[in-house]
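Shown next: coords17.cif, containing mmCIF, N, CA, C and O atoms.
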data_work
#
loop_
_atom_site.label_atom_id
_atom_site.label_comp_id
_atom_site.auth_asym_id
_atom_site.auth_seq_id
_atom_site.Cartn_x
_atom_site.Cartn_y
_atom_site.Cartn_z
N MET A 1 -22.01 3.91 0.11
CA MET A 1 -21.35 4.16 -1.16
C MET A 1 -19.87 4.45 -0.97
O MET A 1 -19.04 3.95 -1.71
N ALA A 2 -19.54 5.27 0.04
CA ALA A 2 -18.13 5.60 0.29
C ALA A 2 -17.34 4.34 0.65
O ALA A 2 -16.20 4.19 0.26
N ASN A 3 -17.96 3.43 1.41
CA ASN A 3 -17.28 2.20 1.80
C ASN A 3 -16.99 1.33 0.56
O ASN A 3 -15.92 0.74 0.45
N ALA A 4 -17.93 1.27 -0.37
CA ALA A 4 -17.72 0.51 -1.60
C ALA A 4 -16.59 1.13 -2.41
O ALA A 4 -15.77 0.42 -3.01
N LYS A 5 -16.52 2.46 -2.43
CA LYS A 5 -15.44 3.15 -3.13
C LYS A 5 -14.09 2.79 -2.54
O LYS A 5 -13.15 2.49 -3.25
N LYS A 6 -14.01 2.79 -1.21
CA LYS A 6 -12.74 2.45 -0.54
C LYS A 6 -12.34 1.02 -0.85
O LYS A 6 -11.18 0.75 -1.13
N LYS A 7 -13.29 0.09 -0.82
CA LYS A 7 -12.96 -1.31 -1.11
C LYS A 7 -12.53 -1.48 -2.56
O LYS A 7 -11.61 -2.21 -2.85
N GLY A 8 -13.20 -0.80 -3.49
CA GLY A 8 -12.82 -0.87 -4.89
C GLY A 8 -11.44 -0.30 -5.13
O GLY A 8 -10.66 -0.85 -5.90
N THR A 9 -11.13 0.79 -4.45
CA THR A 9 -9.82 1.41 -4.57
C THR A 9 -8.74 0.48 -4.04
O THR A 9 -7.73 0.26 -4.69
N ALA A 10 -8.96 -0.07 -2.85
CA ALA A 10 -7.98 -0.97 -2.25
C ALA A 10 -7.76 -2.20 -3.14
O ALA A 10 -6.62 -2.65 -3.32
N SER A 11 -8.82 -2.74 -3.73
CA SER A 11 -8.69 -3.90 -4.61
C SER A 11 -7.89 -3.57 -5.86
O SER A 11 -7.03 -4.34 -6.29
N ALA A 12 -8.16 -2.40 -6.45
CA ALA A 12 -7.42 -1.99 -7.65
C ALA A 12 -5.95 -1.79 -7.34
O ALA A 12 -5.07 -2.21 -8.11
N VAL A 13 -5.67 -1.19 -6.20
CA VAL A 13 -4.28 -0.98 -5.79
C VAL A 13 -3.61 -2.32 -5.52
O VAL A 13 -2.47 -2.54 -5.91
N TRP A 14 -4.31 -3.23 -4.85
CA TRP A 14 -3.76 -4.56 -4.56
C TRP A 14 -3.30 -5.24 -5.86
O TRP A 14 -2.18 -5.74 -5.93
N GLU A 15 -4.17 -5.26 -6.84
CA GLU A 15 -3.85 -5.91 -8.12
C GLU A 15 -2.63 -5.28 -8.78
O GLU A 15 -1.81 -5.98 -9.38
N LEU A 16 -2.50 -3.97 -8.65
CA LEU A 16 -1.37 -3.27 -9.27
C LEU A 16 -0.07 -3.53 -8.53
O LEU A 16 0.96 -3.80 -9.14
N VAL A 17 -0.09 -3.46 -7.20
CA VAL A 17 1.17 -3.48 -6.45
C VAL A 17 1.64 -4.88 -6.05
O VAL A 17 2.82 -5.07 -5.78
N GLU A 18 0.75 -5.87 -6.02
CA GLU A 18 1.18 -7.20 -5.58
C GLU A 18 2.35 -7.76 -6.39
O GLU A 18 3.33 -8.22 -5.79
N PRO A 19 2.32 -7.72 -7.72
CA PRO A 19 3.48 -8.26 -8.45
C PRO A 19 4.76 -7.45 -8.21
O PRO A 19 5.85 -8.01 -8.21
N ILE A 20 4.62 -6.16 -7.97
CA ILE A 20 5.79 -5.33 -7.68
C ILE A 20 6.39 -5.73 -6.34
O ILE A 20 7.60 -5.90 -6.22
N VAL A 21 5.54 -5.89 -5.35
CA VAL A 21 5.99 -6.31 -4.01
C VAL A 21 6.66 -7.68 -4.09
O VAL A 21 7.73 -7.89 -3.51
N GLN A 22 6.06 -8.60 -4.81
CA GLN A 22 6.63 -9.94 -4.94
C GLN A 22 7.98 -9.90 -5.64
O GLN A 22 8.84 -10.73 -5.36
N GLY A 23 8.18 -8.92 -6.51
CA GLY A 23 9.46 -8.76 -7.19
C GLY A 23 10.61 -8.46 -6.22
O GLY A 23 11.77 -8.67 -6.55
N PHE A 24 10.29 -7.97 -5.04
CA PHE A 24 11.29 -7.72 -4.01
C PHE A 24 11.37 -8.88 -3.02
O PHE A 24 11.93 -8.75 -1.93
N SER A 25 10.78 -10.02 -3.37
CA SER A 25 10.70 -11.21 -2.50
C SER A 25 9.99 -10.89 -1.18
O SER A 25 10.37 -11.38 -0.12
N LEU A 26 8.95 -10.07 -1.30
CA LEU A 26 8.13 -9.70 -0.16
C LEU A 26 6.70 -10.17 -0.39
O LEU A 26 6.34 -10.58 -1.49
N VAL A 27 5.90 -10.10 0.65
CA VAL A 27 4.50 -10.50 0.59
C VAL A 27 3.64 -9.25 0.82
O VAL A 27 3.89 -8.49 1.75
N LEU A 28 2.63 -9.08 -0.02
CA LEU A 28 1.66 -8.01 0.20
C LEU A 28 0.69 -8.48 1.27
O LEU A 28 -0.03 -9.45 1.09
N TRP A 29 0.70 -7.81 2.41
CA TRP A 29 -0.10 -8.23 3.57
C TRP A 29 -1.50 -7.61 3.53
O TRP A 29 -2.49 -8.27 3.79
N ASP A 30 -1.57 -6.31 3.22
CA ASP A 30 -2.86 -5.64 3.21
C ASP A 30 -2.73 -4.30 2.47
O ASP A 30 -1.63 -3.75 2.38
N VAL A 31 -3.85 -3.81 1.98
CA VAL A 31 -3.94 -2.47 1.39
C VAL A 31 -5.17 -1.81 2.01
O VAL A 31 -6.25 -2.40 1.99
N ARG A 32 -4.98 -0.62 2.54
CA ARG A 32 -6.09 0.12 3.15
C ARG A 32 -6.12 1.54 2.60
O ARG A 32 -5.08 2.19 2.51
N TYR A 33 -7.31 1.98 2.28
CA TYR A 33 -7.53 3.35 1.83
C TYR A 33 -8.49 3.97 2.82
O TYR A 33 -9.67 3.62 2.86
N VAL A 34 -7.98 4.84 3.68
CA VAL A 34 -8.76 5.36 4.80
C VAL A 34 -8.66 6.88 4.89
O VAL A 34 -7.67 7.47 4.48
N LYS A 35 -9.69 7.45 5.47
CA LYS A 35 -9.70 8.89 5.71
C LYS A 35 -9.55 9.13 7.20
O LYS A 35 -10.28 8.55 8.00
N GLU A 36 -8.59 9.97 7.55
CA GLU A 36 -8.38 10.36 8.94
C GLU A 36 -8.40 11.88 8.98
O GLU A 36 -7.52 12.53 8.40
N GLY A 37 -9.41 12.43 9.63
CA GLY A 37 -9.58 13.87 9.60
C GLY A 37 -9.93 14.29 8.19
O GLY A 37 -10.79 13.71 7.53
N ALA A 38 -9.21 15.27 7.69
CA ALA A 38 -9.45 15.76 6.34
C ALA A 38 -8.57 15.06 5.30
O ALA A 38 -8.70 15.30 4.11
N GLN A 39 -7.66 14.19 5.73
CA GLN A 39 -6.65 13.59 4.84
C GLN A 39 -6.95 12.13 4.53
O GLN A 39 -7.32 11.36 5.42
N TRP A 40 -6.75 11.74 3.27
CA TRP A 40 -6.83 10.34 2.85
C TRP A 40 -5.45 9.70 2.91
O TRP A 40 -4.45 10.34 2.60
N PHE A 41 -5.41 8.42 3.30
CA PHE A 41 -4.17 7.66 3.37
C PHE A 41 -4.33 6.36 2.58
O PHE A 41 -5.34 5.67 2.72
N LEU A 42 -3.32 6.07 1.77
CA LEU A 42 -3.23 4.77 1.12
C LEU A 42 -2.11 4.03 1.84
O LEU A 42 -0.95 4.43 1.77
N ARG A 43 -2.49 2.99 2.57
CA ARG A 43 -1.51 2.24 3.36
C ARG A 43 -1.30 0.87 2.75
O ARG A 43 -2.25 0.09 2.58
N VAL A 44 -0.05 0.59 2.43
CA VAL A 44 0.34 -0.68 1.84
C VAL A 44 1.22 -1.39 2.86
O VAL A 44 2.26 -0.86 3.27
N PHE A 45 0.77 -2.56 3.31
CA PHE A 45 1.51 -3.31 4.33
C PHE A 45 2.23 -4.48 3.66
O PHE A 45 1.61 -5.25 2.92
N ILE A 46 3.52 -4.58 3.91
CA ILE A 46 4.35 -5.63 3.31
C ILE A 46 4.97 -6.49 4.40
O ILE A 46 5.13 -6.04 5.54
N ASP A 47 5.31 -7.70 4.05
CA ASP A 47 5.90 -8.62 5.02
C ASP A 47 6.94 -9.49 4.32
O ASP A 47 6.98 -9.55 3.09
N LYS A 48 7.76 -10.15 5.12
CA LYS A 48 8.74 -11.13 4.63
C LYS A 48 8.42 -12.46 5.26
O LYS A 48 8.12 -12.54 6.44
N GLU A 49 8.52 -13.50 4.46
CA GLU A 49 8.28 -14.83 5.01
C GLU A 49 9.44 -15.31 5.87
O GLU A 49 9.27 -16.14 6.74
N ASP A 50 10.65 -14.79 5.61
CA ASP A 50 11.82 -15.30 6.30
C ASP A 50 12.57 -14.23 7.10
O ASP A 50 13.78 -14.31 7.25
N GLY A 51 11.86 -13.23 7.59
CA GLY A 51 12.55 -12.21 8.36
C GLY A 51 11.68 -11.00 8.61
O GLY A 51 10.47 -11.02 8.37
N LEU A 52 12.32 -9.95 9.09
CA LEU A 52 11.60 -8.73 9.40
C LEU A 52 11.74 -7.71 8.28
O LEU A 52 12.80 -7.58 7.68
N VAL A 53 10.67 -6.99 8.04
CA VAL A 53 10.69 -5.90 7.06
C VAL A 53 11.49 -4.75 7.67
O VAL A 53 11.32 -4.42 8.85
N ASP A 54 12.37 -4.14 6.88
CA ASP A 54 13.12 -2.99 7.39
C ASP A 54 12.79 -1.76 6.56
O ASP A 54 12.03 -1.82 5.60
N ILE A 55 13.35 -0.65 6.95
CA ILE A 55 13.06 0.63 6.31
C ILE A 55 13.45 0.61 4.83
O ILE A 55 12.77 1.23 4.00
N ASN A 56 14.50 -0.11 4.48
CA ASN A 56 14.91 -0.21 3.07
C ASN A 56 13.85 -0.92 2.23
O ASN A 56 13.60 -0.53 1.09
N ASP A 57 13.24 -1.96 2.79
CA ASP A 57 12.16 -2.66 2.09
C ASP A 57 11.00 -1.70 1.82
O ASP A 57 10.48 -1.64 0.70
N CYS A 58 10.64 -0.94 2.84
CA CYS A 58 9.52 0.01 2.69
C CYS A 58 9.85 1.08 1.66
O CYS A 58 9.01 1.42 0.82
N GLU A 59 11.06 1.60 1.72
CA GLU A 59 11.46 2.63 0.77
C GLU A 59 11.49 2.09 -0.66
O GLU A 59 11.00 2.74 -1.59
N ASN A 60 12.04 0.90 -0.84
CA ASN A 60 12.12 0.30 -2.18
C ASN A 60 10.73 0.09 -2.78
O ASN A 60 10.50 0.41 -3.95
N VAL A 61 9.82 -0.43 -1.98
CA VAL A 61 8.46 -0.67 -2.48
C VAL A 61 7.76 0.66 -2.75
O VAL A 61 7.11 0.82 -3.78
N SER A 62 7.91 1.62 -1.86
CA SER A 62 7.28 2.92 -2.05
C SER A 62 7.72 3.56 -3.37
O SER A 62 6.90 4.03 -4.15
N ARG A 63 9.01 3.54 -3.61
CA ARG A 63 9.54 4.13 -4.85
C ARG A 63 9.06 3.34 -6.08
O ARG A 63 8.76 3.92 -7.12
N ALA A 64 8.98 2.02 -5.95
CA ALA A 64 8.61 1.18 -7.09
C ALA A 64 7.12 1.29 -7.44
O ALA A 64 6.76 1.15 -8.61
N ILE A 65 6.26 1.55 -6.47
CA ILE A 65 4.82 1.61 -6.77
C ILE A 65 4.33 3.03 -7.05
O ILE A 65 3.22 3.20 -7.57
N ASP A 66 5.14 4.02 -6.75
CA ASP A 66 4.71 5.41 -6.91
C ASP A 66 4.30 5.74 -8.36
O ASP A 66 3.21 6.23 -8.61
N LYS A 67 5.18 5.46 -9.31
CA LYS A 67 4.88 5.79 -10.71
C LYS A 67 3.72 4.96 -11.27
O LYS A 67 2.82 5.53 -11.90
N PRO A 68 3.69 3.63 -11.05
CA PRO A 68 2.54 2.87 -11.55
C PRO A 68 1.21 3.35 -10.95
O PRO A 68 0.19 3.35 -11.64
N LEU A 69 1.22 3.76 -9.68
CA LEU A 69 -0.01 4.30 -9.10
C LEU A 69 -0.43 5.59 -9.80
O LEU A 69 -1.61 5.80 -10.06
N ASP A 70 0.53 6.44 -10.09
CA ASP A 70 0.22 7.68 -10.81
C ASP A 70 -0.31 7.38 -12.21
O ASP A 70 -1.24 8.05 -12.67
N GLU A 71 0.24 6.38 -12.87
CA GLU A 71 -0.19 6.04 -14.23
C GLU A 71 -1.59 5.42 -14.25
O GLU A 71 -2.41 5.77 -15.08
N LEU A 72 -1.85 4.49 -13.32
CA LEU A 72 -3.17 3.85 -13.25
C LEU A 72 -4.21 4.84 -12.73
O LEU A 72 -5.35 4.83 -13.17
N ASP A 73 -3.80 5.68 -11.80
CA ASP A 73 -4.64 6.72 -11.20
C ASP A 73 -5.95 6.16 -10.64
O ASP A 73 -7.04 6.64 -10.99
N PRO A 74 -5.88 5.15 -9.74
CA PRO A 74 -7.10 4.58 -9.19
C PRO A 74 -7.74 5.45 -8.11
O PRO A 74 -8.84 5.16 -7.65
N ILE A 75 -7.06 6.53 -7.72
CA ILE A 75 -7.54 7.38 -6.63
C ILE A 75 -7.65 8.81 -7.15
O ILE A 75 -6.65 9.40 -7.57
N THR A 76 -8.84 9.36 -7.07
CA THR A 76 -9.05 10.72 -7.57
C THR A 76 -8.74 11.77 -6.51
O THR A 76 -8.44 12.91 -6.84
N ASP A 77 -8.82 11.39 -5.24
CA ASP A 77 -8.53 12.32 -4.14
C ASP A 77 -7.02 12.45 -3.93
O ASP A 77 -6.25 11.57 -4.31
N ASN A 78 -6.61 13.54 -3.30
CA ASN A 78 -5.22 13.64 -2.85
C ASN A 78 -5.06 12.70 -1.67
O ASN A 78 -5.97 12.57 -0.84
N TYR A 79 -3.91 12.02 -1.60
CA TYR A 79 -3.69 11.08 -0.51
C TYR A 79 -2.21 11.02 -0.16
O TYR A 79 -1.35 11.47 -0.92
N ILE A 80 -1.95 10.43 1.00
CA ILE A 80 -0.58 10.19 1.46
C ILE A 80 -0.33 8.70 1.34
O ILE A 80 -1.12 7.89 1.84
N LEU A 81 0.75 8.32 0.68
CA LEU A 81 1.15 6.92 0.53
C LEU A 81 2.04 6.52 1.70
O LEU A 81 3.03 7.19 1.98
N GLU A 82 1.68 5.44 2.36
CA GLU A 82 2.50 4.89 3.44
C GLU A 82 2.74 3.41 3.14
O GLU A 82 1.80 2.67 2.87
N VAL A 83 3.99 3.00 3.21
CA VAL A 83 4.37 1.60 3.05
C VAL A 83 5.02 1.17 4.35
O VAL A 83 5.97 1.81 4.80
N SER A 84 4.50 0.10 4.96
CA SER A 84 5.05 -0.33 6.25
C SER A 84 4.81 -1.82 6.48
O SER A 84 4.16 -2.49 5.68
N SER A 85 5.34 -2.30 7.58
CA SER A 85 5.15 -3.67 8.02
C SER A 85 3.80 -3.75 8.76
O SER A 85 3.38 -2.77 9.37
N PRO A 86 3.18 -4.94 8.76
CA PRO A 86 1.94 -5.07 9.54
C PRO A 86 2.22 -5.09 11.04
O PRO A 86 1.29 -5.01 11.84
N GLY A 87 3.48 -5.18 11.44
CA GLY A 87 3.83 -5.18 12.86
C GLY A 87 3.80 -6.57 13.47
O GLY A 87 3.36 -7.53 12.85
N VAL A 88 4.27 -6.67 14.67
CA VAL A 88 4.38 -7.96 15.33
C VAL A 88 3.05 -8.46 15.87
O VAL A 88 2.89 -9.65 16.14
N GLU A 89 2.06 -7.58 16.02
CA GLU A 89 0.76 -7.97 16.58
C GLU A 89 -0.28 -8.23 15.52
O GLU A 89 -1.46 -7.99 15.72
N ARG A 90 0.14 -8.72 14.36
CA ARG A 90 -0.84 -8.95 13.30
C ARG A 90 -1.70 -10.06 13.65
O ARG A 90 -2.65 -10.48 13.33
#
Would it be possible to restate this file's structure as structure tokens?
Amino acid sequence: MANAKKKGTASAVWELVEPIVQGFSLVLWDVRYVKEGAQWFLRVFIDKEDGLVDINDCENVSRAIDKPLDELDPITDNYILEVSSPGVER
């Protein structure tokens, strides 16, 4: 049941944030909702088709998705939002 909840949450977040990410000419690579220890993490991975993601890209997306996530409220638990690149070893 918990796994289905995580998948449903990630899917809802994906639908919400993908158009926002695309608005920055970026690609939504993955969305993960995971628990590590006692803390939940919502991880949004972004990429560029023509270059490397930098800290400004991550900050811009994080700021842009924060309010819509609060408004949609797809996550009832407290969580930490992380926006990052999938890395070179994807």
Which residue of A:Asp57, A:Glu18, A:Asp30, A:Asp70 approaches Arg43 of chain A most closely, using only C-alpha atoms: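 Among the listed residues, the smallest separation from Arg43 of chain A belongs to A:Asp30.
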Residues in the PyMOL selection byres ((chain A and resi 28) around 8), expressed as number ranges by chain: A: 14, 17-19, 21-22, 25-27, 29-31, 44-48
Members of segment 3-76 of chain A assigned alpha helix (DSSP H) by DSSP, as a ChimeraX atom specification: /A:3-23,55-72
Selection result for the PyMOL selection byres (((chain A and resi 12 and name CA) around 10) and name CA) on this file, as a list in words: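 Applied to this file, the PyMOL selection byres (((chain A and resi 12 and name CA) around 10) and name CA) returns Lys6, Lys7, Gly8, Thr9, Ala10, Ser11, Val13, Trp14, Glu15, Leu16, Val17, Val31, Leu69, Leu72, Asp73, Pro74 and Ile75 of chain A.
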Written file, previous selection with N, CA, C and O atoms, as a PDB file, in the frame of the given file:
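Result went into result-v7.pdb, see below:
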ATOM      1  N   LYS A   6     -14.010   2.790  -1.210  1.00  0.00           N
ATOM      2  CA  LYS A   6     -12.740   2.450  -0.540  1.00  0.00           C
ATOM      3  C   LYS A   6     -12.340   1.020  -0.850  1.00  0.00           C
ATOM      4  O   LYS A   6     -11.180   0.750  -1.130  1.00  0.00           O
ATOM      5  N   LYS A   7     -13.290   0.090  -0.820  1.00  0.00           N
ATOM      6  CA  LYS A   7     -12.960  -1.310  -1.110  1.00  0.00           C
ATOM      7  C   LYS A   7     -12.530  -1.480  -2.560  1.00  0.00           C
ATOM      8  O   LYS A   7     -11.610  -2.210  -2.850  1.00  0.00           O
ATOM      9  N   GLY A   8     -13.200  -0.800  -3.490  1.00  0.00           N
ATOM     10  CA  GLY A   8     -12.820  -0.870  -4.890  1.00  0.00           C
ATOM     11  C   GLY A   8     -11.440  -0.300  -5.130  1.00  0.00           C
ATOM     12  O   GLY A   8     -10.660  -0.850  -5.900  1.00  0.00           O
ATOM     13  N   THR A   9     -11.130   0.790  -4.450  1.00  0.00           N
ATOM     14  CA  THR A   9      -9.820   1.410  -4.570  1.00  0.00           C
ATOM     15  C   THR A   9      -8.740   0.480  -4.040  1.00  0.00           C
ATOM     16  O   THR A   9      -7.730   0.260  -4.690  1.00  0.00           O
ATOM     17  N   ALA A  10      -8.960  -0.070  -2.850  1.00  0.00           N
ATOM     18  CA  ALA A  10      -7.980  -0.970  -2.250  1.00  0.00           C
ATOM     19  C   ALA A  10      -7.760  -2.200  -3.140  1.00  0.00           C
ATOM     20  O   ALA A  10      -6.620  -2.650  -3.320  1.00  0.00           O
ATOM     21  N   SER A  11      -8.820  -2.740  -3.730  1.00  0.00           N
ATOM     22  CA  SER A  11      -8.690  -3.900  -4.610  1.00  0.00           C
ATOM     23  C   SER A  11      -7.890  -3.570  -5.860  1.00  0.00           C
ATOM     24  O   SER A  11      -7.030  -4.340  -6.290  1.00  0.00           O
ATOM     25  N   VAL A  13      -5.670  -1.190  -6.200  1.00  0.00           N
ATOM     26  CA  VAL A  13      -4.280  -0.980  -5.790  1.00  0.00           C
ATOM     27  C   VAL A  13      -3.610  -2.320  -5.520  1.00  0.00           C
ATOM     28  O   VAL A  13      -2.470  -2.540  -5.910  1.00  0.00           O
ATOM     29  N   TRP A  14      -4.310  -3.230  -4.850  1.00  0.00           N
ATOM     30  CA  TRP A  14      -3.760  -4.560  -4.560  1.00  0.00           C
ATOM     31  C   TRP A  14      -3.300  -5.240  -5.860  1.00  0.00           C
ATOM     32  O   TRP A  14      -2.180  -5.740  -5.930  1.00  0.00           O
ATOM     33  N   GLU A  15      -4.170  -5.260  -6.840  1.00  0.00           N
ATOM     34  CA  GLU A  15      -3.850  -5.910  -8.120  1.00  0.00           C
ATOM     35  C   GLU A  15      -2.630  -5.280  -8.780  1.00  0.00           C
ATOM     36  O   GLU A  15      -1.810  -5.980  -9.380  1.00  0.00           O
ATOM     37  N   LEU A  16      -2.500  -3.970  -8.650  1.00  0.00           N
ATOM     38  CA  LEU A  16      -1.370  -3.270  -9.270  1.00  0.00           C
ATOM     39  C   LEU A  16      -0.070  -3.530  -8.530  1.00  0.00           C
ATOM     40  O   LEU A  16       0.960  -3.800  -9.140  1.00  0.00           O
ATOM     41  N   VAL A  17      -0.090  -3.460  -7.200  1.00  0.00           N
ATOM     42  CA  VAL A  17       1.170  -3.480  -6.450  1.00  0.00           C
ATOM     43  C   VAL A  17       1.640  -4.880  -6.050  1.00  0.00           C
ATOM     44  O   VAL A  17       2.820  -5.070  -5.780  1.00  0.00           O
ATOM     45  N   VAL A  31      -3.850  -3.810   1.980  1.00  0.00           N
ATOM     46  CA  VAL A  31      -3.940  -2.470   1.390  1.00  0.00           C
ATOM     47  C   VAL A  31      -5.170  -1.810   2.010  1.00  0.00           C
ATOM     48  O   VAL A  31      -6.250  -2.400   1.990  1.00  0.00           O
ATOM     49  N   LEU A  69       1.220   3.760  -9.680  1.00  0.00           N
ATOM     50  CA  LEU A  69      -0.010   4.300  -9.100  1.00  0.00           C
ATOM     51  C   LEU A  69      -0.430   5.590  -9.800  1.00  0.00           C
ATOM     52  O   LEU A  69      -1.610   5.800 -10.060  1.00  0.00           O
ATOM     53  N   LEU A  72      -1.850   4.490 -13.320  1.00  0.00           N
ATOM     54  CA  LEU A  72      -3.170   3.850 -13.250  1.00  0.00           C
ATOM     55  C   LEU A  72      -4.210   4.840 -12.730  1.00  0.00           C
ATOM     56  O   LEU A  72      -5.350   4.830 -13.170  1.00  0.00           O
ATOM     57  N   ASP A  73      -3.800   5.680 -11.800  1.00  0.00           N
ATOM     58  CA  ASP A  73      -4.640   6.720 -11.200  1.00  0.00           C
ATOM     59  C   ASP A  73      -5.950   6.160 -10.640  1.00  0.00           C
ATOM     60  O   ASP A  73      -7.040   6.640 -10.990  1.00  0.00           O
ATOM     61  N   PRO A  74      -5.880   5.150  -9.740  1.00  0.00           N
ATOM     62  CA  PRO A  74      -7.100   4.580  -9.190  1.00  0.00           C
ATOM     63  C   PRO A  74      -7.740   5.450  -8.110  1.00  0.00           C
ATOM     64  O   PRO A  74      -8.840   5.160  -7.650  1.00  0.00           O
ATOM     65  N   ILE A  75      -7.060   6.530  -7.720  1.00  0.00           N
ATOM     66  CA  ILE A  75      -7.540   7.380  -6.630  1.00  0.00           C
ATOM     67  C   ILE A  75      -7.650   8.810  -7.150  1.00  0.00           C
ATOM     68  O   ILE A  75      -6.650   9.400  -7.570  1.00  0.00           O
TER      69      ILE A  75
END
Separation of atom C of Cys58 of chain A from atom O of Val83 of chain A, in Å and rounded to one decimal: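 Atom C of Cys58 of chain A sits 5.0 Å away from atom O of Val83 of chain A.
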Distance of atom N of Asn78 of chain A from atom C of Asp66 of chain A, expressed in Å to one decimal place: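 Computed distance, atom C of Asp66 of chain A to atom N of Asn78 of chain A, equals 14.3 Å.
Take atom O of Val61 of chain A and atom C of Ile20 of chain A: the distance between them is 7.1 Å.
These are the residues of segment 19-79 of chain A assigned strand (DSSP E or B) by DSSP from backbone coordinates: Val27, Leu28, Trp29, Asp30, Val31, Arg32, Tyr33, Val34, Lys35, Glu36, Gln39, Trp40, Phe41, Leu42, Arg43, Val44, Phe45, Ile46, Asp47, Lys48, Gly51 and Tyr79 of chain A.
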Chain and number of each residue from the PyMOL selection byres (((chain A and resi 38-42 and name CA) around 8) and name CA), as a ChimeraX atom specification: /A:31-37,43-44,77-82
If I only want segment 64-82 of chain A, can you write it with N, CA and C atoms, as a PDB file, in the first residue's frame?
ATOM      1  N   ALA A  64       9.725  27.892  -8.655  1.00  0.00           N
ATOM      2  CA  ALA A  64       8.527  27.901  -9.498  1.00  0.00           C
ATOM      3  C   ALA A  64       7.529  26.806  -9.115  1.00  0.00           C
ATOM      4  N   ILE A  65       7.993  25.675  -8.604  1.00  0.00           N
ATOM      5  CA  ILE A  65       7.070  24.584  -8.285  1.00  0.00           C
ATOM      6  C   ILE A  65       6.615  24.601  -6.825  1.00  0.00           C
ATOM      7  N   ASP A  66       7.267  25.378  -5.988  1.00  0.00           N
ATOM      8  CA  ASP A  66       6.953  25.391  -4.560  1.00  0.00           C
ATOM      9  C   ASP A  66       5.489  25.765  -4.291  1.00  0.00           C
ATOM     10  N   LYS A  67       5.040  26.888  -4.825  1.00  0.00           N
ATOM     11  CA  LYS A  67       3.673  27.345  -4.560  1.00  0.00           C
ATOM     12  C   LYS A  67       2.627  26.410  -5.183  1.00  0.00           C
ATOM     13  N   PRO A  68       2.779  25.995  -6.456  1.00  0.00           N
ATOM     14  CA  PRO A  68       1.797  25.054  -7.011  1.00  0.00           C
ATOM     15  C   PRO A  68       1.717  23.742  -6.222  1.00  0.00           C
ATOM     16  N   LEU A  69       2.855  23.265  -5.707  1.00  0.00           N
ATOM     17  CA  LEU A  69       2.814  22.063  -4.878  1.00  0.00           C
ATOM     18  C   LEU A  69       2.018  22.299  -3.599  1.00  0.00           C
ATOM     19  N   ASP A  70       2.221  23.452  -2.993  1.00  0.00           N
ATOM     20  CA  ASP A  70       1.461  23.780  -1.787  1.00  0.00           C
ATOM     21  C   ASP A  70      -0.037  23.886  -2.091  1.00  0.00           C
ATOM     22  N   GLU A  71      -0.379  24.444  -3.238  1.00  0.00           N
ATOM     23  CA  GLU A  71      -1.788  24.613  -3.596  1.00  0.00           C
ATOM     24  C   GLU A  71      -2.460  23.279  -3.921  1.00  0.00           C
ATOM     25  N   LEU A  72      -1.774  22.427  -4.694  1.00  0.00           N
ATOM     26  CA  LEU A  72      -2.335  21.118  -5.041  1.00  0.00           C
ATOM     27  C   LEU A  72      -2.337  20.204  -3.821  1.00  0.00           C
ATOM     28  N   ASP A  73      -1.308  20.313  -3.004  1.00  0.00           N
ATOM     29  CA  ASP A  73      -1.150  19.547  -1.767  1.00  0.00           C
ATOM     30  C   ASP A  73      -1.263  18.040  -2.000  1.00  0.00           C
ATOM     31  N   PRO A  74      -0.451  17.471  -2.924  1.00  0.00           N
ATOM     32  CA  PRO A  74      -0.532  16.035  -3.184  1.00  0.00           C
ATOM     33  C   PRO A  74       0.143  15.185  -2.108  1.00  0.00           C
ATOM     34  N   ILE A  75       0.821  15.841  -1.156  1.00  0.00           N
ATOM     35  CA  ILE A  75       1.578  15.118  -0.134  1.00  0.00           C
ATOM     36  C   ILE A  75       1.094  15.571   1.240  1.00  0.00           C
ATOM     37  N   THR A  76       0.615  14.627   2.024  1.00  0.00           N
ATOM     38  CA  THR A  76       0.104  14.976   3.345  1.00  0.00           C
ATOM     39  C   THR A  76       1.200  14.992   4.397  1.00  0.00           C
ATOM     40  N   ASP A  77       2.292  14.264   4.158  1.00  0.00           N
ATOM     41  CA  ASP A  77       3.416  14.220   5.101  1.00  0.00           C
ATOM     42  C   ASP A  77       4.296  15.455   4.943  1.00  0.00           C
ATOM     43  N   ASN A  78       5.062  15.769   5.975  1.00  0.00           N
ATOM     44  CA  ASN A  78       6.107  16.783   5.830  1.00  0.00           C
ATOM     45  C   ASN A  78       7.212  16.178   4.981  1.00  0.00           C
ATOM     46  N   TYR A  79       7.795  16.992   4.097  1.00  0.00           N
ATOM     47  CA  TYR A  79       8.847  16.481   3.225  1.00  0.00           C
ATOM     48  C   TYR A  79       9.839  17.585   2.904  1.00  0.00           C
ATOM     49  N   ILE A  80      10.981  17.156   2.379  1.00  0.00           N
ATOM     50  CA  ILE A  80      12.009  18.077   1.902  1.00  0.00           C
ATOM     51  C   ILE A  80      11.998  18.016   0.384  1.00  0.00           C
ATOM     52  N   LEU A  81      11.904  19.170  -0.262  1.00  0.00           N
ATOM     53  CA  LEU A  81      11.934  19.270  -1.719  1.00  0.00           C
ATOM     54  C   LEU A  81      13.373  19.421  -2.191  1.00  0.00           C
ATOM     55  N   GLU A  82      13.779  18.567  -3.107  1.00  0.00           N
ATOM     56  CA  GLU A  82      15.100  18.670  -3.719  1.00  0.00           C
ATOM     57  C   GLU A  82      14.925  18.689  -5.239  1.00  0.00           C
TER      58      GLU A  82
END
